[in-house]
Amino acid sequence: MFHFFSKKLFLKDLLEDFVDIHNHILPGIDDGAKNIEDSLRLIKKMKALGIKQFIPTPHVMQDFYPNTDETIGDAYQVLLGALDSKLLASITLNPAAEYMMDSHFESLLESRNLFTLKKNYVLVEMSYFQAPINLEDIIFKIKTQGYIPVLAHPERYSFYHNHLEYYERLKQLGCIFQLNLLSLSDHYGKNVEKTASYLMNEKLIDFVGTDIHNEKHISKLSNLVLNKRKHEDLKEIINHTNRTFSVI
Ligand SMILES: [Fe+2]
């Protein structure tokens, strides 16, 4: 009884025409889609949620996933070749990357040879164990090379969970923040969820992304329920993400 008053607000209801700026759907080059079959399954399921614009962002991480223009370009071509023409005509697919801020990244930066999300927006991440000791220098370099650093999932860096004031500093330095949608649940743990709430409440989040690696992520996303305030705040951030990155 009274179900009318307790209608659940699903996150997935906000995903119609969402432009996903962070996912690992390119086949076989990082810890996301293992092969082309995986990629196709992920794309079809994401499309069923309403996502039609995809910016795949494979890791570029010197130690684990040393991707280059070539590996990313090849995986992209393989995927394009495997999509049937009807599906291909109904989506957009523009490859970018998620750069680990390591020394290799610094040299790529000097050559100004980066895959961007769109225009000069570059998706960057750091280790979950510690920030690079020269983090502020790297951010400065990104900016002086003419790029805008979009920090992937700031809520997941546990070394900031007890130093929430540092997030303001990162924003002052010119970082844009991209929250992972699954951080609005306990998927990555309670502390990540709490920090995600803090960042949302403080209006520090600019964009959101799915960071989908596998089908489990999609089913969790499909079942995620939000409270009214989160649902409303998220709607605005999703609109901002779409306005900034849509290519249609
Ligand atoms: Fe990622």
# chains A, B, ... in the order shown; residues from 1 in each chain; ligands from 1

call {"tool": "select_by_dssp", "arguments": {"residues": "stretch 156-227 of chain A", "states": "alpha helix (DSSP H)", "output": "JSON, numbers by chain"}}
result
{"A": [165, 166, 167, 168, 169, 170, 171, 172, 190, 191, 192, 193, 194, 195, 196, 197, 198, 199, 200, 201, 215, 216, 217, 218, 219, 220, 221, 222, 223]}

call {"tool": "select_by_dssp", "arguments": {"residues": "stretch 134-217 of chain A", "states": "strand (DSSP E)", "output": "list in words"}}
result
Ile148, Pro149, Val150, Leu151, Ala152, Ile176, Phe177, Gln178, Leu179, Asn180, Phe207, Val208 and Gly209 of chain A

call {"tool": "residues_near_ligand", "arguments": {"ligand": "ligand 1", "cutoff": "9 Å", "atoms": "only C-alpha atoms and all ligand atoms", "output": "list in words"}}
result
His22, Asn23, His24, Gly32, Thr57, Pro58, His59, Ala97, Glu98, Glu125, Ala152, His153, Asn180, Gly209, Thr210, Asp211, Ile212 and His213 of chain A

call {"tool": "residues_around", "arguments": {"residues": "A:Leu221", "least_positions_apart": "3", "cutoff": "12 Å", "atoms": "only C-alpha atoms", "output": "number ranges by chain"}}
result
A: 10-15, 45-46, 49, 180-187, 209-212, 214-218, 224-226

call {"tool": "write_last_selection", "arguments": {"atoms": "C-alpha atoms", "output": "compact mmCIF listing (two decimals), in the first residue's frame"}}
result
# COMPACT_ATOMS: atom_id res chain seq x y z
CA PHE A 10 16.31 4.75 -10.46
CA LEU A 11 19.58 6.23 -11.68
CA LYS A 12 19.05 4.49 -15.02
CA ASP A 13 16.03 6.71 -15.71
CA LEU A 14 18.49 9.59 -16.17
CA LEU A 15 20.58 7.80 -18.77
CA LYS A 45 23.47 -3.43 -22.85
CA MET A 46 24.54 0.18 -22.39
CA LEU A 49 19.94 1.85 -20.89
CA ASN A 180 31.78 7.48 -11.25
CA LEU A 181 28.06 6.73 -11.24
CA LEU A 182 28.61 3.53 -9.26
CA SER A 183 30.18 5.60 -6.46
CA LEU A 184 26.61 6.66 -5.65
CA SER A 185 26.18 3.12 -4.28
CA ASP A 186 28.44 1.10 -2.00
CA HIS A 187 30.03 -0.64 -5.01
CA GLY A 209 30.91 8.68 -16.27
CA THR A 210 30.09 4.99 -15.98
CA ASP A 211 33.68 3.61 -15.87
CA ILE A 212 32.12 0.37 -17.09
CA ASN A 214 32.19 -5.48 -17.43
CA GLU A 215 28.56 -6.61 -17.37
CA LYS A 216 28.44 -6.71 -13.59
CA HIS A 217 28.92 -2.95 -13.58
CA ILE A 218 25.97 -2.55 -15.94
CA LEU A 224 20.89 1.69 -8.47
CA VAL A 225 18.25 3.68 -6.60
CA LEU A 226 18.79 7.29 -5.50

call {"tool": "closest_residue", "arguments": {"among": "A:Val150, A:Leu83, A:Val78, A:Ile142", "to": "A:Leu108", "atoms": "only C-alpha atoms"}}
result
A:Ile142

call {"tool": "residues_around", "arguments": {"residues": "A:Thr68", "least_positions_apart": "6", "cutoff": "12 Å", "atoms": "only C-alpha atoms", "output": "PDB file with N, CA and C atoms, in the first residue's frame"}}
result
ATOM      1  N   ILE A  29      42.548  -4.403 -24.609  1.00  0.00           N
ATOM      2  CA  ILE A  29      43.754  -3.597 -24.376  1.00  0.00           C
ATOM      3  C   ILE A  29      43.892  -3.083 -22.941  1.00  0.00           C
ATOM      4  N   ASP A  30      42.928  -3.413 -22.087  1.00  0.00           N
ATOM      5  CA  ASP A  30      43.121  -3.068 -20.669  1.00  0.00           C
ATOM      6  C   ASP A  30      42.312  -4.047 -19.822  1.00  0.00           C
ATOM      7  N   PRO A  58      40.403   3.682 -22.700  1.00  0.00           N
ATOM      8  CA  PRO A  58      41.312   2.647 -22.188  1.00  0.00           C
ATOM      9  C   PRO A  58      42.424   3.261 -21.327  1.00  0.00           C
ATOM     10  N   HIS A  59      42.874   2.482 -20.357  1.00  0.00           N
ATOM     11  CA  HIS A  59      43.975   2.953 -19.518  1.00  0.00           C
ATOM     12  C   HIS A  59      45.237   3.129 -20.359  1.00  0.00           C
ATOM     13  N   VAL A  60      45.946   4.214 -20.097  1.00  0.00           N
ATOM     14  CA  VAL A  60      47.315   4.361 -20.596  1.00  0.00           C
ATOM     15  C   VAL A  60      48.164   4.485 -19.345  1.00  0.00           C
ATOM     16  N   MET A  61      48.833   3.369 -19.039  1.00  0.00           N
ATOM     17  CA  MET A  61      49.485   3.230 -17.738  1.00  0.00           C
ATOM     18  C   MET A  61      50.782   2.473 -18.007  1.00  0.00           C
ATOM     19  N   GLN A  62      51.878   3.181 -17.913  1.00  0.00           N
ATOM     20  CA  GLN A  62      53.178   2.619 -18.295  1.00  0.00           C
ATOM     21  C   GLN A  62      53.429   1.212 -17.743  1.00  0.00           C
ATOM     22  N   ASP A  74      44.001   0.595 -33.205  1.00  0.00           N
ATOM     23  CA  ASP A  74      43.712  -0.749 -33.725  1.00  0.00           C
ATOM     24  C   ASP A  74      42.472  -1.340 -33.060  1.00  0.00           C
ATOM     25  N   ALA A  75      42.387  -1.231 -31.733  1.00  0.00           N
ATOM     26  CA  ALA A  75      41.233  -1.793 -31.022  1.00  0.00           C
ATOM     27  C   ALA A  75      39.943  -1.106 -31.485  1.00  0.00           C
ATOM     28  N   ALA A  96      39.100   7.855 -26.755  1.00  0.00           N
ATOM     29  CA  ALA A  96      40.011   8.751 -26.042  1.00  0.00           C
ATOM     30  C   ALA A  96      40.879   7.851 -25.163  1.00  0.00           C
ATOM     31  N   ALA A  97      41.237   8.306 -23.975  1.00  0.00           N
ATOM     32  CA  ALA A  97      42.073   7.488 -23.094  1.00  0.00           C
ATOM     33  C   ALA A  97      41.928   7.993 -21.674  1.00  0.00           C
ATOM     34  N   GLU A  98      42.325   7.147 -20.736  1.00  0.00           N
ATOM     35  CA  GLU A  98      42.398   7.542 -19.327  1.00  0.00           C
ATOM     36  C   GLU A  98      43.872   7.429 -18.945  1.00  0.00           C
ATOM     37  N   TYR A  99      44.511   8.581 -18.784  1.00  0.00           N
ATOM     38  CA  TYR A  99      45.957   8.606 -18.563  1.00  0.00           C
ATOM     39  C   TYR A  99      46.316   8.553 -17.092  1.00  0.00           C
ATOM     40  N   HIS A 104      55.693   8.526 -17.846  1.00  0.00           N
ATOM     41  CA  HIS A 104      55.407   8.361 -19.269  1.00  0.00           C
ATOM     42  C   HIS A 104      54.388   9.417 -19.738  1.00  0.00           C
ATOM     43  N   PHE A 105      53.386   9.633 -18.908  1.00  0.00           N
ATOM     44  CA  PHE A 105      52.377  10.647 -19.243  1.00  0.00           C
ATOM     45  C   PHE A 105      53.020  12.019 -19.390  1.00  0.00           C
ATOM     46  N   LEU A 108      54.513  12.241 -22.764  1.00  0.00           N
ATOM     47  CA  LEU A 108      53.469  12.395 -23.783  1.00  0.00           C
ATOM     48  C   LEU A 108      52.958  13.833 -23.811  1.00  0.00           C
ATOM     49  N   ASN A 113      50.751  15.103 -27.379  1.00  0.00           N
ATOM     50  CA  ASN A 113      50.203  14.034 -28.189  1.00  0.00           C
ATOM     51  C   ASN A 113      49.235  13.195 -27.340  1.00  0.00           C
ATOM     52  N   LEU A 114      48.087  13.776 -27.031  1.00  0.00           N
ATOM     53  CA  LEU A 114      47.144  13.077 -26.160  1.00  0.00           C
ATOM     54  C   LEU A 114      45.795  12.897 -26.850  1.00  0.00           C
ATOM     55  N   PHE A 115      45.154  11.783 -26.526  1.00  0.00           N
ATOM     56  CA  PHE A 115      43.756  11.588 -26.939  1.00  0.00           C
ATOM     57  C   PHE A 115      42.893  12.378 -25.954  1.00  0.00           C
TER      58      PHE A 115
END

call {"tool": "residues_around", "arguments": {"residues": "stretch 200-204 of chain A", "least_positions_apart": "4", "cutoff": "8 Å", "atoms": "only C-alpha atoms", "output": "list of chain:residue names"}}
result
A:Glu168, A:Lys171, A:Phe177, A:Ala196, A:Asp233

call {"tool": "atom_distance", "arguments": {"atom1": "atom CA of A:Pro149", "atom2": "atom CA of A:Ala33"}}
result
25.3 Å

call {"tool": "residues_around", "arguments": {"residues": "A:Lys47", "least_positions_apart": "3", "cutoff": "10 Å", "atoms": "only C-alpha atoms", "output": "list in words"}}
result
Leu15, Glu16, Asp17, Phe18, Arg41, Leu42, Ile43, Lys44, Gly50, Ile51, Lys52, Gln53, Phe54, Leu87, Ser90 and Ile91 of chain A

call {"tool": "write_last_selection", "arguments": {"atoms": "N, CA and C atoms", "output": "mmCIF file, in the first residue's frame"}}
result
data_model
loop_
_atom_site.group_PDB
_atom_site.id
_atom_site.type_symbol
_atom_site.label_atom_id
_atom_site.label_comp_id
_atom_site.auth_asym_id
_atom_site.auth_seq_id
_atom_site.Cartn_x
_atom_site.Cartn_y
_atom_site.Cartn_z
ATOM 1 N N LEU A 15 19.530 8.112 -17.796
ATOM 2 C CA LEU A 15 20.584 7.804 -18.774
ATOM 3 C C LEU A 15 20.167 7.890 -20.242
ATOM 4 N N GLU A 16 18.906 8.244 -20.498
ATOM 5 C CA GLU A 16 18.480 8.381 -21.891
ATOM 6 C C GLU A 16 19.305 9.486 -22.562
ATOM 7 N N ASP A 17 19.991 9.137 -23.624
ATOM 8 C CA ASP A 17 20.859 10.067 -24.370
ATOM 9 C C ASP A 17 22.094 10.529 -23.597
ATOM 10 N N PHE A 18 22.472 9.762 -22.599
ATOM 11 C CA PHE A 18 23.694 10.089 -21.843
ATOM 12 C C PHE A 18 24.925 9.907 -22.736
ATOM 13 N N ARG A 41 28.694 -6.992 -26.408
ATOM 14 C CA ARG A 41 27.703 -7.201 -25.341
ATOM 15 C C ARG A 41 27.548 -5.951 -24.483
ATOM 16 N N LEU A 42 28.687 -5.346 -24.117
ATOM 17 C CA LEU A 42 28.634 -4.145 -23.265
ATOM 18 C C LEU A 42 27.905 -3.007 -23.983
ATOM 19 N N ILE A 43 28.246 -2.804 -25.242
ATOM 20 C CA ILE A 43 27.618 -1.703 -25.990
ATOM 21 C C ILE A 43 26.110 -1.913 -26.107
ATOM 22 N N LYS A 44 25.698 -3.146 -26.412
ATOM 23 C CA LYS A 44 24.259 -3.405 -26.556
ATOM 24 C C LYS A 44 23.528 -3.172 -25.240
ATOM 25 N N GLY A 50 19.922 3.456 -22.705
ATOM 26 C CA GLY A 50 19.704 4.780 -23.289
ATOM 27 C C GLY A 50 20.982 5.494 -23.715
ATOM 28 N N ILE A 51 22.141 4.872 -23.436
ATOM 29 C CA ILE A 51 23.418 5.505 -23.793
ATOM 30 C C ILE A 51 23.680 5.288 -25.281
ATOM 31 N N LYS A 52 23.855 6.395 -25.999
ATOM 32 C CA LYS A 52 24.075 6.252 -27.443
ATOM 33 C C LYS A 52 25.401 6.862 -27.892
ATOM 34 N N GLN A 53 26.001 7.675 -27.025
ATOM 35 C CA GLN A 53 27.290 8.260 -27.382
ATOM 36 C C GLN A 53 28.353 7.716 -26.423
ATOM 37 N N PHE A 54 29.374 7.135 -27.027
ATOM 38 C CA PHE A 54 30.404 6.457 -26.247
ATOM 39 C C PHE A 54 31.771 7.086 -26.498
ATOM 40 N N LEU A 87 23.493 -0.977 -35.889
ATOM 41 C CA LEU A 87 23.924 -0.536 -34.554
ATOM 42 C C LEU A 87 24.884 0.649 -34.678
ATOM 43 N N SER A 90 23.363 3.920 -35.153
ATOM 44 C CA SER A 90 22.533 4.444 -34.063
ATOM 45 C C SER A 90 23.359 4.960 -32.882
ATOM 46 N N ILE A 91 24.693 4.874 -32.988
ATOM 47 C CA ILE A 91 25.531 5.345 -31.870
ATOM 48 C C ILE A 91 26.688 6.195 -32.399
#

call {"tool": "atom_distance", "arguments": {"atom1": "atom CA of A:Gln178", "atom2": "atom CA of A:Leu164"}}
result
16.0 Å

call {"tool": "residues_around", "arguments": {"residues": "A:Glu106", "least_positions_apart": "4", "cutoff": "9 Å", "atoms": "only C-alpha atoms", "output": "JSON, numbers by chain"}}
result
{"A": [101, 102, 110, 111, 138, 141, 142]}

call {"tool": "write_last_selection", "arguments": {"atoms": "C-alpha atoms", "output": "PDB file, in the first residue's frame"}}
result
ATOM      1  CA  MET A 101      49.718  10.581 -14.256  1.00  0.00           C
ATOM      2  CA  ASP A 102      53.081   8.780 -14.360  1.00  0.00           C
ATOM      3  CA  GLU A 110      55.480  17.421 -23.604  1.00  0.00           C
ATOM      4  CA  SER A 111      54.873  16.169 -27.121  1.00  0.00           C
ATOM      5  CA  ILE A 138      51.794  17.738 -13.330  1.00  0.00           C
ATOM      6  CA  LYS A 141      52.018  21.233 -16.890  1.00  0.00           C
ATOM      7  CA  ILE A 142      48.737  19.854 -18.241  1.00  0.00           C
TER       8      ILE A 142
END

call {"tool": "closest_residue", "arguments": {"among": "A:Lys228, A:Arg156, A:Lys190, A:Arg169", "to": "A:Leu135", "atoms": "only C-alpha atoms"}}
result
A:Arg169

call {"tool": "atom_distance", "arguments": {"atom1": "atom CA of A:Thr241", "atom2": "atom CA of A:Glu155"}}
result
17.6 Å

call {"tool": "decode", "arguments": {"residues": "stretch 173-184 of chain A", "atoms": "C-alpha atoms", "output": "PDB file, in the first residue's frame"}}
result
ATOM      1  CA  LEU A 173      44.502  24.277  -9.476  1.00  0.00           C
ATOM      2  CA  GLY A 174      42.169  23.822 -12.425  1.00  0.00           C
ATOM      3  CA  CYS A 175      41.062  20.192 -12.165  1.00  0.00           C
ATOM      4  CA  ILE A 176      37.603  19.283 -13.347  1.00  0.00           C
ATOM      5  CA  PHE A 177      36.027  16.385 -11.454  1.00  0.00           C
ATOM      6  CA  GLN A 178      34.393  13.314 -13.033  1.00  0.00           C
ATOM      7  CA  LEU A 179      32.442  11.169 -10.588  1.00  0.00           C
ATOM      8  CA  ASN A 180      31.779   7.479 -11.255  1.00  0.00           C
ATOM      9  CA  LEU A 181      28.057   6.725 -11.245  1.00  0.00           C
ATOM     10  CA  LEU A 182      28.609   3.527  -9.261  1.00  0.00           C
ATOM     11  CA  SER A 183      30.175   5.599  -6.456  1.00  0.00           C
ATOM     12  CA  LEU A 184      26.613   6.660  -5.650  1.00  0.00           C
TER      13      LEU A 184
END
